[in-house]
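S.K.: Pasting protein_37.cif here (mmCIF, C-alpha atoms):
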data_upload
#
loop_
_atom_site.group_PDB
_atom_site.id
_atom_site.type_symbol
_atom_site.label_atom_id
_atom_site.label_comp_id
_atom_site.auth_asym_id
_atom_site.auth_seq_id
_atom_site.Cartn_x
_atom_site.Cartn_y
_atom_site.Cartn_z
ATOM 1 C CA MET A 8 184.434 -51.295 -55.893
ATOM 2 C CA LEU A 9 185.293 -54.954 -55.325
ATOM 3 C CA SER A 10 188.866 -55.881 -54.709
ATOM 4 C CA ASP A 11 190.467 -58.319 -57.148
ATOM 5 C CA THR A 12 192.560 -59.899 -54.452
ATOM 6 C CA LYS A 13 191.467 -63.328 -53.259
ATOM 7 C CA ALA A 14 190.862 -63.948 -49.597
ATOM 8 C CA SER A 15 193.699 -65.907 -47.973
ATOM 9 C CA PRO A 16 192.759 -69.466 -46.941
ATOM 10 C CA ALA A 17 192.052 -70.109 -43.289
ATOM 11 C CA PRO A 18 194.979 -71.627 -41.387
ATOM 12 C CA PRO A 19 194.660 -75.357 -40.658
ATOM 13 C CA PRO A 20 193.466 -76.239 -37.154
ATOM 14 C CA GLU A 21 196.244 -76.906 -34.729
ATOM 15 C CA LYS A 22 196.698 -80.493 -33.634
ATOM 16 C CA PRO A 23 196.320 -81.057 -29.914
ATOM 17 C CA ALA A 24 199.653 -81.485 -28.235
ATOM 18 C CA GLU A 25 200.472 -85.071 -27.371
ATOM 19 C CA PRO A 26 200.968 -85.734 -23.658
ATOM 20 C CA GLY A 27 204.541 -86.052 -22.528
ATOM 21 C CA ARG A 28 206.159 -89.216 -21.245
ATOM 22 C CA LEU A 29 205.665 -88.295 -17.609
ATOM 23 C CA THR A 30 202.017 -87.422 -18.239
ATOM 24 C CA ARG A 31 201.431 -90.754 -19.982
ATOM 25 C CA LEU A 32 203.036 -92.525 -17.024
ATOM 26 C CA PHE A 33 200.699 -90.872 -14.532
ATOM 27 C CA LEU A 34 197.699 -91.560 -16.758
ATOM 28 C CA SER A 35 198.674 -95.230 -16.934
ATOM 29 C CA LEU A 36 199.097 -95.418 -13.167
ATOM 30 C CA ALA A 37 195.688 -93.811 -12.692
ATOM 31 C CA ASP A 38 194.169 -96.334 -15.099
ATOM 32 C CA VAL A 39 195.769 -99.219 -13.199
ATOM 33 C CA ALA A 40 194.568 -97.821 -9.859
ATOM 34 C CA SER A 41 191.047 -97.504 -11.260
ATOM 35 C CA PHE A 42 191.189 -101.094 -12.533
ATOM 36 C CA VAL A 43 192.350 -102.426 -9.146
ATOM 37 C CA GLY A 44 189.780 -100.331 -7.293
ATOM 38 C CA ARG A 45 187.024 -101.653 -9.530
ATOM 39 C CA PHE A 46 188.141 -105.210 -8.746
ATOM 40 C CA PHE A 47 187.772 -104.661 -4.998
ATOM 41 C CA ARG A 48 184.342 -103.096 -5.491
ATOM 42 C CA GLU A 49 183.107 -105.904 -7.732
ATOM 43 C CA ALA A 50 184.617 -108.694 -5.605
ATOM 44 C CA PHE A 51 182.384 -107.954 -2.613
ATOM 45 C CA LEU A 52 179.149 -107.194 -4.461
ATOM 46 C CA PRO A 53 176.674 -109.874 -5.640
ATOM 47 C CA PRO A 54 176.150 -111.777 -7.822
ATOM 48 C CA TYR A 55 179.081 -114.073 -7.128
ATOM 49 C CA GLU A 56 180.446 -116.273 -9.888
ATOM 50 C CA PHE A 57 181.316 -119.285 -7.706
ATOM 51 C CA GLY A 58 181.202 -121.732 -10.608
ATOM 52 C CA GLU A 59 183.641 -119.693 -12.679
ATOM 53 C CA ILE A 60 185.945 -119.196 -9.689
ATOM 54 C CA VAL A 61 186.107 -122.954 -9.102
ATOM 55 C CA ARG A 62 186.779 -123.554 -12.796
ATOM 56 C CA GLN A 63 189.584 -121.005 -12.802
ATOM 57 C CA CYS A 64 191.079 -122.564 -9.655
ATOM 58 C CA TYR A 65 191.171 -125.853 -11.565
ATOM 59 C CA GLU A 66 192.824 -124.152 -14.543
ATOM 60 C CA VAL A 67 195.423 -122.423 -12.383
ATOM 61 C CA GLY A 68 196.135 -125.256 -9.961
ATOM 62 C CA TYR A 69 195.642 -128.638 -11.516
ATOM 63 C CA ARG A 70 197.031 -127.784 -14.910
ATOM 64 C CA SER A 71 200.157 -126.256 -13.342
ATOM 65 C CA LEU A 72 200.714 -129.205 -11.023
ATOM 66 C CA LEU A 73 203.091 -131.224 -13.213
ATOM 67 C CA LEU A 74 205.320 -128.258 -14.025
ATOM 68 C CA ILE A 75 205.320 -127.082 -10.401
ATOM 69 C CA SER A 76 206.153 -130.613 -9.162
ATOM 70 C CA THR A 77 209.070 -131.018 -11.535
ATOM 71 C CA THR A 78 210.461 -127.565 -10.832
ATOM 72 C CA GLY A 79 210.141 -127.906 -7.049
ATOM 73 C CA PHE A 80 211.770 -131.341 -7.004
ATOM 74 C CA ILE A 81 214.715 -130.180 -9.121
ATOM 75 C CA THR A 82 215.079 -127.027 -7.000
ATOM 76 C CA GLY A 83 215.448 -129.103 -3.827
ATOM 77 C CA ILE A 84 218.092 -131.360 -5.357
ATOM 78 C CA VAL A 85 220.079 -128.563 -7.009
ATOM 79 C CA PHE A 86 220.104 -126.301 -3.949
ATOM 80 C CA THR A 87 221.252 -129.192 -1.763
ATOM 81 C CA ASN A 88 224.102 -130.015 -4.132
ATOM 82 C CA GLN A 89 225.151 -126.367 -4.309
ATOM 83 C CA SER A 90 225.086 -125.914 -0.523
ATOM 84 C CA ARG A 91 226.977 -129.070 0.453
ATOM 85 C CA PRO A 92 230.514 -127.998 -0.599
ATOM 86 C CA SER A 93 230.338 -124.751 1.377
ATOM 87 C CA LEU A 94 229.244 -126.539 4.562
ATOM 88 C CA SER A 95 231.745 -129.363 4.033
ATOM 89 C CA GLU A 96 234.634 -126.890 4.243
ATOM 90 C CA PHE A 97 233.659 -126.201 7.860
ATOM 91 C CA GLY A 98 232.600 -129.759 8.686
ATOM 92 C CA ALA A 99 229.007 -128.628 9.114
ATOM 93 C CA THR A 100 227.148 -130.911 6.715
ATOM 94 C CA SER A 101 224.845 -131.830 9.613
ATOM 95 C CA TRP A 102 223.360 -128.333 9.247
ATOM 96 C CA LEU A 103 222.327 -129.060 5.677
ATOM 97 C CA PRO A 104 218.655 -129.960 6.414
ATOM 98 C CA SER A 105 218.199 -126.792 8.471
ATOM 99 C CA LEU A 106 219.782 -124.608 5.802
ATOM 100 C CA ILE A 107 217.658 -126.184 3.083
ATOM 101 C CA ALA A 108 214.456 -125.780 5.078
ATOM 102 C CA ILE A 109 215.089 -122.105 5.831
ATOM 103 C CA ALA A 110 215.974 -121.267 2.230
ATOM 104 C CA ILE A 111 213.083 -123.168 0.661
ATOM 105 C CA VAL A 112 210.373 -122.081 3.095
ATOM 106 C CA ARG A 113 211.427 -118.447 3.343
ATOM 107 C CA ALA A 114 212.337 -117.653 -0.253
ATOM 108 C CA LEU A 115 212.709 -120.380 -2.857
ATOM 109 C CA GLY A 116 209.285 -122.004 -2.476
ATOM 110 C CA PRO A 117 207.133 -118.867 -2.881
ATOM 111 C CA LEU A 118 209.426 -117.291 -5.460
ATOM 112 C CA VAL A 119 209.804 -120.326 -7.707
ATOM 113 C CA THR A 120 206.058 -121.021 -7.606
ATOM 114 C CA ALA A 121 205.185 -117.424 -8.431
ATOM 115 C CA LEU A 122 207.633 -117.198 -11.328
ATOM 116 C CA ILE A 123 206.450 -120.477 -12.849
ATOM 117 C CA ALA A 124 202.818 -119.407 -12.452
ATOM 118 C CA ALA A 125 203.565 -115.987 -13.950
ATOM 119 C CA GLY A 126 204.976 -117.646 -17.044
ATOM 120 C CA LYS A 127 202.231 -120.226 -17.441
ATOM 121 C CA VAL A 128 199.122 -118.709 -15.868
ATOM 122 C CA GLY A 129 199.833 -115.013 -16.452
ATOM 123 C CA SER A 130 200.486 -115.481 -20.167
ATOM 124 C CA SER A 131 197.398 -117.670 -20.503
ATOM 125 C CA ILE A 132 195.140 -115.068 -18.860
ATOM 126 C CA GLY A 133 196.599 -112.227 -20.917
ATOM 127 C CA ALA A 134 196.256 -114.134 -24.195
ATOM 128 C CA GLU A 135 192.739 -115.381 -23.420
ATOM 129 C CA LEU A 136 191.307 -112.011 -22.462
ATOM 130 C CA GLY A 137 193.262 -110.335 -25.250
ATOM 131 C CA SER A 138 191.737 -112.629 -27.865
ATOM 132 C CA MET A 139 188.280 -112.046 -26.377
ATOM 133 C CA ASN A 140 188.868 -108.313 -26.602
ATOM 134 C CA VAL A 141 190.031 -108.555 -30.225
ATOM 135 C CA THR A 142 187.059 -110.689 -31.284
ATOM 136 C CA GLU A 143 184.683 -108.363 -29.368
ATOM 137 C CA GLN A 144 183.408 -111.167 -27.150
ATOM 138 C CA ILE A 145 183.680 -108.855 -24.130
ATOM 139 C CA ASP A 146 181.353 -106.347 -25.807
ATOM 140 C CA ALA A 147 178.968 -109.185 -26.646
ATOM 141 C CA MET A 148 178.852 -110.196 -22.973
ATOM 142 C CA GLU A 149 177.818 -106.663 -22.016
ATOM 143 C CA VAL A 150 175.036 -106.713 -24.623
ATOM 144 C CA SER A 151 173.770 -110.071 -23.310
ATOM 145 C CA GLY A 152 173.489 -108.681 -19.774
ATOM 146 C CA THR A 153 176.553 -110.385 -18.256
ATOM 147 C CA ASP A 154 179.053 -108.271 -16.368
ATOM 148 C CA PRO A 155 182.314 -109.136 -18.161
ATOM 149 C CA PHE A 156 184.490 -107.589 -15.471
ATOM 150 C CA LYS A 157 183.019 -109.710 -12.702
ATOM 151 C CA PHE A 158 182.876 -112.875 -14.795
ATOM 152 C CA LEU A 159 186.312 -112.583 -16.411
ATOM 153 C CA VAL A 160 188.479 -110.468 -14.121
ATOM 154 C CA VAL A 161 187.200 -111.021 -10.578
ATOM 155 C CA SER A 162 186.977 -114.789 -10.966
ATOM 156 C CA ARG A 163 190.523 -115.096 -12.343
ATOM 157 C CA VAL A 164 192.140 -112.790 -9.783
ATOM 158 C CA LEU A 165 190.415 -114.581 -6.896
ATOM 159 C CA ALA A 166 191.435 -117.945 -8.359
ATOM 160 C CA THR A 167 195.108 -116.996 -8.552
ATOM 161 C CA SER A 168 195.005 -115.428 -5.071
ATOM 162 C CA PHE A 169 193.526 -118.650 -3.609
ATOM 163 C CA THR A 170 195.518 -121.191 -5.606
ATOM 164 C CA ILE A 171 199.070 -119.809 -5.646
ATOM 165 C CA PRO A 172 199.449 -120.171 -1.821
ATOM 166 C CA ILE A 173 198.336 -123.814 -2.064
ATOM 167 C CA LEU A 174 200.793 -124.421 -4.890
ATOM 168 C CA THR A 175 203.514 -122.711 -2.860
ATOM 169 C CA PHE A 176 203.226 -125.110 0.070
ATOM 170 C CA TYR A 177 203.029 -128.012 -2.359
ATOM 171 C CA THR A 178 206.258 -126.764 -3.976
ATOM 172 C CA ILE A 179 207.903 -126.521 -0.562
ATOM 173 C CA PHE A 180 206.892 -130.106 0.219
ATOM 174 C CA VAL A 181 208.150 -131.442 -3.115
ATOM 175 C CA ALA A 182 211.409 -129.482 -2.817
ATOM 176 C CA LEU A 183 212.016 -130.899 0.655
ATOM 177 C CA ILE A 184 211.421 -134.413 -0.681
ATOM 178 C CA GLY A 185 214.017 -133.806 -3.382
ATOM 179 C CA ALA A 186 216.426 -132.406 -0.802
ATOM 180 C CA PHE A 187 215.884 -135.427 1.471
ATOM 181 C CA ILE A 188 216.649 -137.858 -1.351
ATOM 182 C CA ASN A 189 219.906 -136.043 -2.018
ATOM 183 C CA VAL A 190 220.864 -135.839 1.662
ATOM 184 C CA ASN A 191 219.951 -139.480 2.258
ATOM 185 C CA ALA A 192 222.056 -140.605 -0.694
ATOM 186 C CA ASN A 193 225.137 -138.697 0.483
ATOM 187 C CA GLU A 194 224.890 -138.479 4.288
ATOM 188 C CA GLN A 195 222.578 -141.467 4.942
ATOM 189 C CA THR A 196 220.276 -139.267 7.002
ATOM 190 C CA SER A 197 216.989 -140.942 7.895
ATOM 191 C CA PHE A 198 213.670 -139.347 7.041
ATOM 192 C CA PRO A 199 212.617 -138.747 10.711
ATOM 193 C CA SER A 200 215.963 -137.092 11.466
ATOM 194 C CA PHE A 201 215.727 -134.962 8.341
ATOM 195 C CA MET A 202 212.203 -133.771 9.127
ATOM 196 C CA GLN A 203 213.132 -133.108 12.747
ATOM 197 C CA GLU A 204 215.903 -130.795 11.581
ATOM 198 C CA VAL A 205 213.554 -129.139 9.106
ATOM 199 C CA PHE A 206 210.789 -128.368 11.598
ATOM 200 C CA GLY A 207 213.355 -127.311 14.187
ATOM 201 C CA ALA A 208 214.684 -124.624 11.871
ATOM 202 C CA VAL A 209 211.358 -123.293 10.532
ATOM 203 C CA THR A 210 209.329 -120.898 12.677
ATOM 204 C CA PHE A 211 205.698 -119.852 12.541
ATOM 205 C CA LEU A 212 206.793 -116.470 11.184
ATOM 206 C CA ASP A 213 208.478 -118.204 8.240
ATOM 207 C CA ILE A 214 205.290 -120.103 7.382
ATOM 208 C CA PHE A 215 203.093 -117.027 7.790
ATOM 209 C CA ALA A 216 205.482 -114.952 5.665
ATOM 210 C CA SER A 217 205.383 -117.531 2.858
ATOM 211 C CA LEU A 218 201.587 -117.559 2.964
ATOM 212 C CA PHE A 219 201.424 -113.767 3.036
ATOM 213 C CA LYS A 220 203.789 -113.383 0.083
ATOM 214 C CA SER A 221 202.054 -116.100 -1.929
ATOM 215 C CA VAL A 222 198.690 -114.360 -1.658
ATOM 216 C CA PHE A 223 200.199 -111.129 -2.967
ATOM 217 C CA PHE A 224 202.083 -112.980 -5.702
ATOM 218 C CA GLY A 225 198.862 -114.675 -6.812
ATOM 219 C CA PHE A 226 196.952 -111.398 -6.772
ATOM 220 C CA THR A 227 199.687 -109.737 -8.822
ATOM 221 C CA ILE A 228 199.707 -112.483 -11.448
ATOM 222 C CA GLY A 229 195.927 -112.383 -11.811
ATOM 223 C CA ILE A 230 195.440 -108.616 -11.854
ATOM 224 C CA VAL A 231 198.326 -107.970 -14.262
ATOM 225 C CA GLY A 232 197.210 -110.697 -16.675
ATOM 226 C CA CYS A 233 193.623 -109.429 -16.648
ATOM 227 C CA TYR A 234 194.643 -105.789 -17.058
ATOM 228 C CA LYS A 235 196.928 -106.490 -20.003
ATOM 229 C CA GLY A 236 194.317 -108.683 -21.662
ATOM 230 C CA PHE A 237 191.470 -106.230 -21.063
ATOM 231 C CA HIS A 238 193.490 -103.345 -22.523
ATOM 232 C CA SER A 239 195.145 -105.185 -25.401
ATOM 233 C CA SER A 240 195.331 -103.478 -28.757
ATOM 234 C CA LYS A 241 193.242 -104.712 -31.653
ATOM 235 C CA GLY A 242 194.580 -107.386 -33.977
ATOM 236 C CA THR A 243 196.396 -110.656 -33.487
ATOM 237 C CA GLU A 244 199.608 -108.800 -32.677
ATOM 238 C CA GLY A 245 197.897 -107.250 -29.664
ATOM 239 C CA VAL A 246 197.167 -110.696 -28.207
ATOM 240 C CA GLY A 247 200.837 -111.651 -28.297
ATOM 241 C CA LYS A 248 201.860 -108.320 -26.798
ATOM 242 C CA ALA A 249 199.293 -108.734 -24.004
ATOM 243 C CA ALA A 250 200.579 -112.208 -23.113
ATOM 244 C CA ASN A 251 204.212 -111.084 -23.186
ATOM 245 C CA ALA A 252 203.531 -107.926 -21.173
ATOM 246 C CA ALA A 253 201.591 -109.937 -18.578
ATOM 247 C CA VAL A 254 204.572 -112.257 -17.986
ATOM 248 C CA VAL A 255 207.259 -109.567 -17.917
ATOM 249 C CA THR A 256 205.299 -107.164 -15.704
ATOM 250 C CA SER A 257 204.229 -109.916 -13.293
ATOM 251 C CA MET A 258 207.784 -111.181 -12.832
ATOM 252 C CA PHE A 259 209.114 -107.666 -12.300
ATOM 253 C CA LEU A 260 206.481 -106.881 -9.676
ATOM 254 C CA ILE A 261 207.034 -110.240 -7.959
ATOM 255 C CA PHE A 262 210.709 -109.421 -7.434
ATOM 256 C CA ILE A 263 209.796 -105.967 -6.106
ATOM 257 C CA GLU A 264 207.265 -107.501 -3.711
ATOM 258 C CA GLU A 265 209.817 -110.085 -2.593
ATOM 259 C CA LEU A 266 212.275 -107.307 -1.781
ATOM 260 C CA LEU A 267 209.684 -105.316 0.175
ATOM 261 C CA ALA A 268 208.456 -108.416 2.021
ATOM 262 C CA LEU A 269 212.036 -109.263 2.968
ATOM 263 C CA GLN A 270 212.516 -105.858 4.580
ATOM 264 C CA ILE A 271 209.231 -106.095 6.504
ATOM 265 C CA ILE A 272 209.815 -109.663 7.710
ATOM 266 C CA SER A 273 213.417 -108.893 8.690
ATOM 267 C CA ALA A 274 212.158 -106.001 10.783
ATOM 268 C CA LEU A 275 209.565 -108.233 12.460
ATOM 269 C CA ARG A 276 212.131 -110.954 13.061
ATOM 270 C CA GLY A 277 214.544 -108.435 14.544
ATOM 271 C CA SER A 278 211.900 -107.115 16.927
#
Starting from the file, lay out its structure as structure tokens.

M.R.:
Amino acid sequence: MLSDTKASPAPPPEKPAEPGRLTRLFLSLADVASFVGRFFREAFLPPYEFGEIVRQCYEVGYRSLLLISTTGFITGIVFTNQSRPSLSEFGATSWLPSLIAIAIVRALGPLVTALIAAGKVGSSIGAELGSMNVTEQIDAMEVSGTDPFKFLVVSRVLATSFTIPILTFYTIFVALIGAFINVNANEQTSFPSFMQEVFGAVTFLDIFASLFKSVFFGFTIGIVGCYKGFHSSKGTEGVGKAANAAVVTSMFLIFIEELLALQIISALRGS
């Protein structure tokens, strides 16, 4: 005899549990590590995109030159004006060129250049790759037989790593010119005397440290901009988020790297 009762409906399938915040953090770090590791693998394997690297060096360097020049020149003048009253209290204004040289070469030159480049270059890379991701141009490159990672990411990261150190020493030079103009106008110091004080205060370790930091700053700007652009969400809103995230993350990491470099260089200088 058949039962009149209806069979109860099957329970709905359970939704998979979403990963927690800590899990998402570790997954993101693993994704970043994989992205960086892929860059180092692709950078040393042929074919090499020399033409694209040169073009990106032009984009990063030449087009940032006016902004870098203005910022470096103003930095030299402003820092000189801010330092003069403190030294005047002790009658030590003759130490002004040495103080300026140490501050600009050790910290201000690399840091100012990296922050300006992070705002201009990092946002540009993030927005460009983000828009290419949204419009599926990256997928089209894979279909056409071009390696988009090597062409887009490796070339841009190498360009920033090569160009930011050059821009850093250019910023240092321009900042010292601005500082000399200020010192000459107030203390009537001649250019040979000013440069003699500058080179007397700067050591080889200071120059090497600035070069070392600038390479890492450039690498950080390039890799962060490319990562954010490559992993941008779909839609026009994702392009803006990629550009903004590239700038904010690059600046944050630059300050962390500056802090770590300071500890390492201080230890070397103390030894």

S.K.: Between A:Ala253, A:Ile145, A:Leu174, A:Leu29, which one has atoms that come closest to A:Ser71, using all atoms listed in the file?

M.R.: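 Of all the options, A:Leu174 lies closest to A:Ser71.
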
S.K.: Which residues, written as a short mmCIF file (atom, residue, chain, number, x, y, z; two decimals) with C-alpha atoms, in the coordinates of the input, have at least one atom at most 12 Å from A:Val141, with all atoms listed in the file counted and residues fewer than 3 positions away on the same chain left out?

M.R.:
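As written to disk, selection.cif reads:
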data_model
loop_
_atom_site.label_atom_id
_atom_site.label_comp_id
_atom_site.auth_asym_id
_atom_site.auth_seq_id
_atom_site.Cartn_x
_atom_site.Cartn_y
_atom_site.Cartn_z
CA GLY A 133 196.60 -112.23 -20.92
CA ALA A 134 196.26 -114.13 -24.20
CA GLU A 135 192.74 -115.38 -23.42
CA LEU A 136 191.31 -112.01 -22.46
CA GLY A 137 193.26 -110.34 -25.25
CA SER A 138 191.74 -112.63 -27.86
CA GLN A 144 183.41 -111.17 -27.15
CA ILE A 145 183.68 -108.86 -24.13
CA ASP A 146 181.35 -106.35 -25.81
CA ALA A 147 178.97 -109.18 -26.65
CA GLY A 236 194.32 -108.68 -21.66
CA PHE A 237 191.47 -106.23 -21.06
CA HIS A 238 193.49 -103.34 -22.52
CA SER A 239 195.14 -105.18 -25.40
CA SER A 240 195.33 -103.48 -28.76
CA LYS A 241 193.24 -104.71 -31.65
CA GLY A 242 194.58 -107.39 -33.98
CA THR A 243 196.40 -110.66 -33.49
CA GLU A 244 199.61 -108.80 -32.68
CA GLY A 245 197.90 -107.25 -29.66
CA VAL A 246 197.17 -110.70 -28.21
CA GLY A 247 200.84 -111.65 -28.30
CA ALA A 249 199.29 -108.73 -24.00
#

S.K.: Of the candidates A:Gly225, A:Gly232, A:Gly58, A:Gly185, which one gets nearest to A:Phe201 if we count all atoms listed in the file?

M.R.: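 Of the candidates, the smallest distance to A:Phe201 is held by A:Gly185.
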
S.K.: List the residues matched by the PyMOL selection byres ((chain A and resi 230) around 10) in the displayed structure as a tab-separated table (two decimals) with C-alpha atoms, in the coordinates of the input, ordered by chain and then by residue number.

M.R.:
chain	number	residue	atom	x	y	z
A	39	VAL	CA	195.77	-99.22	-13.20
A	42	PHE	CA	191.19	-101.09	-12.53
A	43	VAL	CA	192.35	-102.43	-9.15
A	46	PHE	CA	188.14	-105.21	-8.75
A	129	GLY	CA	199.83	-115.01	-16.45
A	132	ILE	CA	195.14	-115.07	-18.86
A	133	GLY	CA	196.60	-112.23	-20.92
A	160	VAL	CA	188.48	-110.47	-14.12
A	161	VAL	CA	187.20	-111.02	-10.58
A	163	ARG	CA	190.52	-115.10	-12.34
A	164	VAL	CA	192.14	-112.79	-9.78
A	165	LEU	CA	190.42	-114.58	-6.90
A	167	THR	CA	195.11	-117.00	-8.55
A	168	SER	CA	195.00	-115.43	-5.07
A	225	GLY	CA	198.86	-114.68	-6.81
A	226	PHE	CA	196.95	-111.40	-6.77
A	227	THR	CA	199.69	-109.74	-8.82
A	228	ILE	CA	199.71	-112.48	-11.45
A	229	GLY	CA	195.93	-112.38	-11.81
A	231	VAL	CA	198.33	-107.97	-14.26
A	232	GLY	CA	197.21	-110.70	-16.68
A	233	CYS	CA	193.62	-109.43	-16.65
A	234	TYR	CA	194.64	-105.79	-17.06
A	235	LYS	CA	196.93	-106.49	-20.00
A	236	GLY	CA	194.32	-108.68	-21.66
A	253	ALA	CA	201.59	-109.94	-18.58
A	257	SER	CA	204.23	-109.92	-13.29

S.K.: List the neighbours of stretch 207-211 of chain A out to 10 Å using only C-alpha atoms; skip same-chain residues closer than 2 positions along the sequence, and give me the result as a JSON list (two decimals) with C-alpha atoms, keeping the file's coordinate frame.

M.R.:
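Result file result.json:
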[["chain", "number", "residue", "atom", "x", "y", "z"],
["A", 102, "TRP", "CA", 223.36, -128.33, 9.25],
["A", 104, "PRO", "CA", 218.66, -129.96, 6.41],
["A", 105, "SER", "CA", 218.20, -126.79, 8.47],
["A", 106, "LEU", "CA", 219.78, -124.61, 5.80],
["A", 107, "ILE", "CA", 217.66, -126.18, 3.08],
["A", 108, "ALA", "CA", 214.46, -125.78, 5.08],
["A", 109, "ILE", "CA", 215.09, -122.10, 5.83],
["A", 110, "ALA", "CA", 215.97, -121.27, 2.23],
["A", 112, "VAL", "CA", 210.37, -122.08, 3.10],
["A", 113, "ARG", "CA", 211.43, -118.45, 3.34],
["A", 201, "PHE", "CA", 215.73, -134.96, 8.34],
["A", 202, "MET", "CA", 212.20, -133.77, 9.13],
["A", 203, "GLN", "CA", 213.13, -133.11, 12.75],
["A", 204, "GLU", "CA", 215.90, -130.79, 11.58],
["A", 205, "VAL", "CA", 213.55, -129.14, 9.11],
["A", 213, "ASP", "CA", 208.48, -118.20, 8.24],
["A", 214, "ILE", "CA", 205.29, -120.10, 7.38],
["A", 215, "PHE", "CA", 203.09, -117.03, 7.79],
["A", 216, "ALA", "CA", 205.48, -114.95, 5.66],
["A", 217, "SER", "CA", 205.38, -117.53, 2.86]]

S.K.: Looking at all atoms listed in the file, which of A:Ala121, A:Leu159, A:Leu212, A:Leu32 is the one that sits closest to A:Ser273?

M.R.: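 Among A:Ala121, A:Leu159, A:Leu212, A:Leu32, it is A:Leu212 that comes nearest to A:Ser273.
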
S.K.: Using Å and a single decimal, report how far atom CA of A:Asp154 sits from atom CA of A:Asn251.

M.R.: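 Computing the Euclidean distance for atom CA of A:Asn251 and atom CA of A:Asp154 yields 26.2 Å.
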
S.K.: Have a look at atom CA of A:Ala50 and atom CA of A:Pro155 and let me know their distance in Å, one decimal.

M.R.: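 One can read the atom CA of A:Ala50 to atom CA of A:Pro155 distance as 12.8 Å.
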
S.K.: Considering all atoms listed in the file, state which residue in the set A:Thr77, A:Phe206, A:Leu118, A:Ser131 is at the smallest distance from A:Leu269.

M.R.: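 Smallest separation from A:Leu269 among the options: A:Leu118.
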
S.K.: Please expand the PyMOL selection byres ((chain A and resi 80) around 8) into the concrete residues it hits in this file, giving the result as a ChimeraX atom specification.

M.R.: /A:76-79,81-84,178,181-186

S.K.: As an exercise, work out the distance from atom CA of A:Gly98 to atom CA of A:Glu194 in Å and give it to one decimal place.

M.R.: 12.4 Å

S.K.: I'd like to see the residues matched by the PyMOL selection byres ((chain A and resi 63) around 10) on this file, and ideally I'd get them as a ChimeraX atom specification.

M.R.: /A:57-62,64-69,159,162-167,170

S.K.: What are the closest atom pairs, with distances in Å to one decimal, for all residues of stretch 114-211 of chain A lying within 12 Å of stretch 259-267 of chain A? Consider only C-alpha atoms, order rows by chain and residue number, and present the result as a Markdown table.

M.R.:
| residue | atom | partner | partner_atom | distance |
| --- | --- | --- | --- | --- |
| A:Ala114 | CA | A:Glu265 | CA | 8.3 |
| A:Leu115 | CA | A:Glu265 | CA | 10.7 |
| A:Gly116 | CA | A:Glu265 | CA | 11.9 |
| A:Pro117 | CA | A:Glu265 | CA | 9.2 |
| A:Leu118 | CA | A:Glu265 | CA | 7.8 |
| A:Val119 | CA | A:Ile261 | CA | 10.5 |
| A:Thr120 | CA | A:Ile261 | CA | 10.8 |
| A:Ala121 | CA | A:Ile261 | CA | 7.4 |
| A:Leu122 | CA | A:Ile261 | CA | 7.8 |
| A:Ile123 | CA | A:Ile261 | CA | 11.4 |
| A:Ala124 | CA | A:Ile261 | CA | 11.0 |
| A:Ala125 | CA | A:Ile261 | CA | 9.0 |
| A:Gly126 | CA | A:Phe259 | CA | 11.8 |

S.K.: Which residue, A:Leu72, A:Asn193, A:Arg48, A:Met148, has the smallest gap to A:Ser95 when you use all atoms listed in the file?

M.R.: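 Closest to A:Ser95, using all atoms listed in the file: A:Asn193.
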
S.K.: Using all atoms listed in the file, can you tell me which of A:Leu52, A:Leu36, A:Ser101, A:Lys220 comes closest to A:Asn191?

M.R.: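 Among the listed residues, A:Ser101 lies closest to A:Asn191.
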
S.K.: When you look at A:Pro172 with a cut-off of 7 Å (counting all atoms listed in the file), what residues show up, excluding the ones that are within fewer than 5 positions of it in the same chain? I need them as a list in words.

M.R.: Leu218, Ser221 and Val222 of chain A

S.K.: Using all atoms of stretch 164-168 of chain A that appear in the file, construct an axis-aligned enclosing box with 6 Å of padding on every side and provide its centre coordinates and edge lengths in Å, rounded to one decimal, as JSON.

M.R.:
{"center_x": 192.8, "center_y": -115.4, "center_z": -7.4, "size_x": 16.7, "size_y": 17.2, "size_z": 16.7}

S.K.: Please supply stretch 209-214 of chain A, rebuilt with N, CA, C and O atoms, as a PDB file, in the coordinates of the input.

M.R.:
ATOM      1  N   VAL A 209     212.427-124.140  11.070  1.00  0.00           N
ATOM      2  CA  VAL A 209     211.358-123.293  10.532  1.00  0.00           C
ATOM      3  C   VAL A 209     210.481-122.783  11.664  1.00  0.00           C
ATOM      4  O   VAL A 209     210.083-123.552  12.550  1.00  0.00           O
ATOM      5  N   THR A 210     210.176-121.506  11.661  1.00  0.00           N
ATOM      6  CA  THR A 210     209.329-120.898  12.677  1.00  0.00           C
ATOM      7  C   THR A 210     207.949-120.587  12.099  1.00  0.00           C
ATOM      8  O   THR A 210     207.728-120.646  10.883  1.00  0.00           O
ATOM      9  N   PHE A 211     207.037-120.241  12.978  1.00  0.00           N
ATOM     10  CA  PHE A 211     205.698-119.852  12.541  1.00  0.00           C
ATOM     11  C   PHE A 211     205.746-118.600  11.680  1.00  0.00           C
ATOM     12  O   PHE A 211     204.968-118.463  10.722  1.00  0.00           O
ATOM     13  N   LEU A 212     206.658-117.682  11.985  1.00  0.00           N
ATOM     14  CA  LEU A 212     206.793-116.470  11.184  1.00  0.00           C
ATOM     15  C   LEU A 212     207.199-116.799   9.761  1.00  0.00           C
ATOM     16  O   LEU A 212     206.738-116.160   8.808  1.00  0.00           O
ATOM     17  N   ASP A 213     208.068-117.799   9.589  1.00  0.00           N
ATOM     18  CA  ASP A 213     208.478-118.204   8.240  1.00  0.00           C
ATOM     19  C   ASP A 213     207.289-118.727   7.441  1.00  0.00           C
ATOM     20  O   ASP A 213     207.118-118.382   6.258  1.00  0.00           O
ATOM     21  N   ILE A 214     206.458-119.544   8.078  1.00  0.00           N
ATOM     22  CA  ILE A 214     205.290-120.103   7.382  1.00  0.00           C
ATOM     23  C   ILE A 214     204.281-118.999   7.056  1.00  0.00           C
ATOM     24  O   ILE A 214     203.737-118.938   5.945  1.00  0.00           O
TER      25      ILE A 214
END
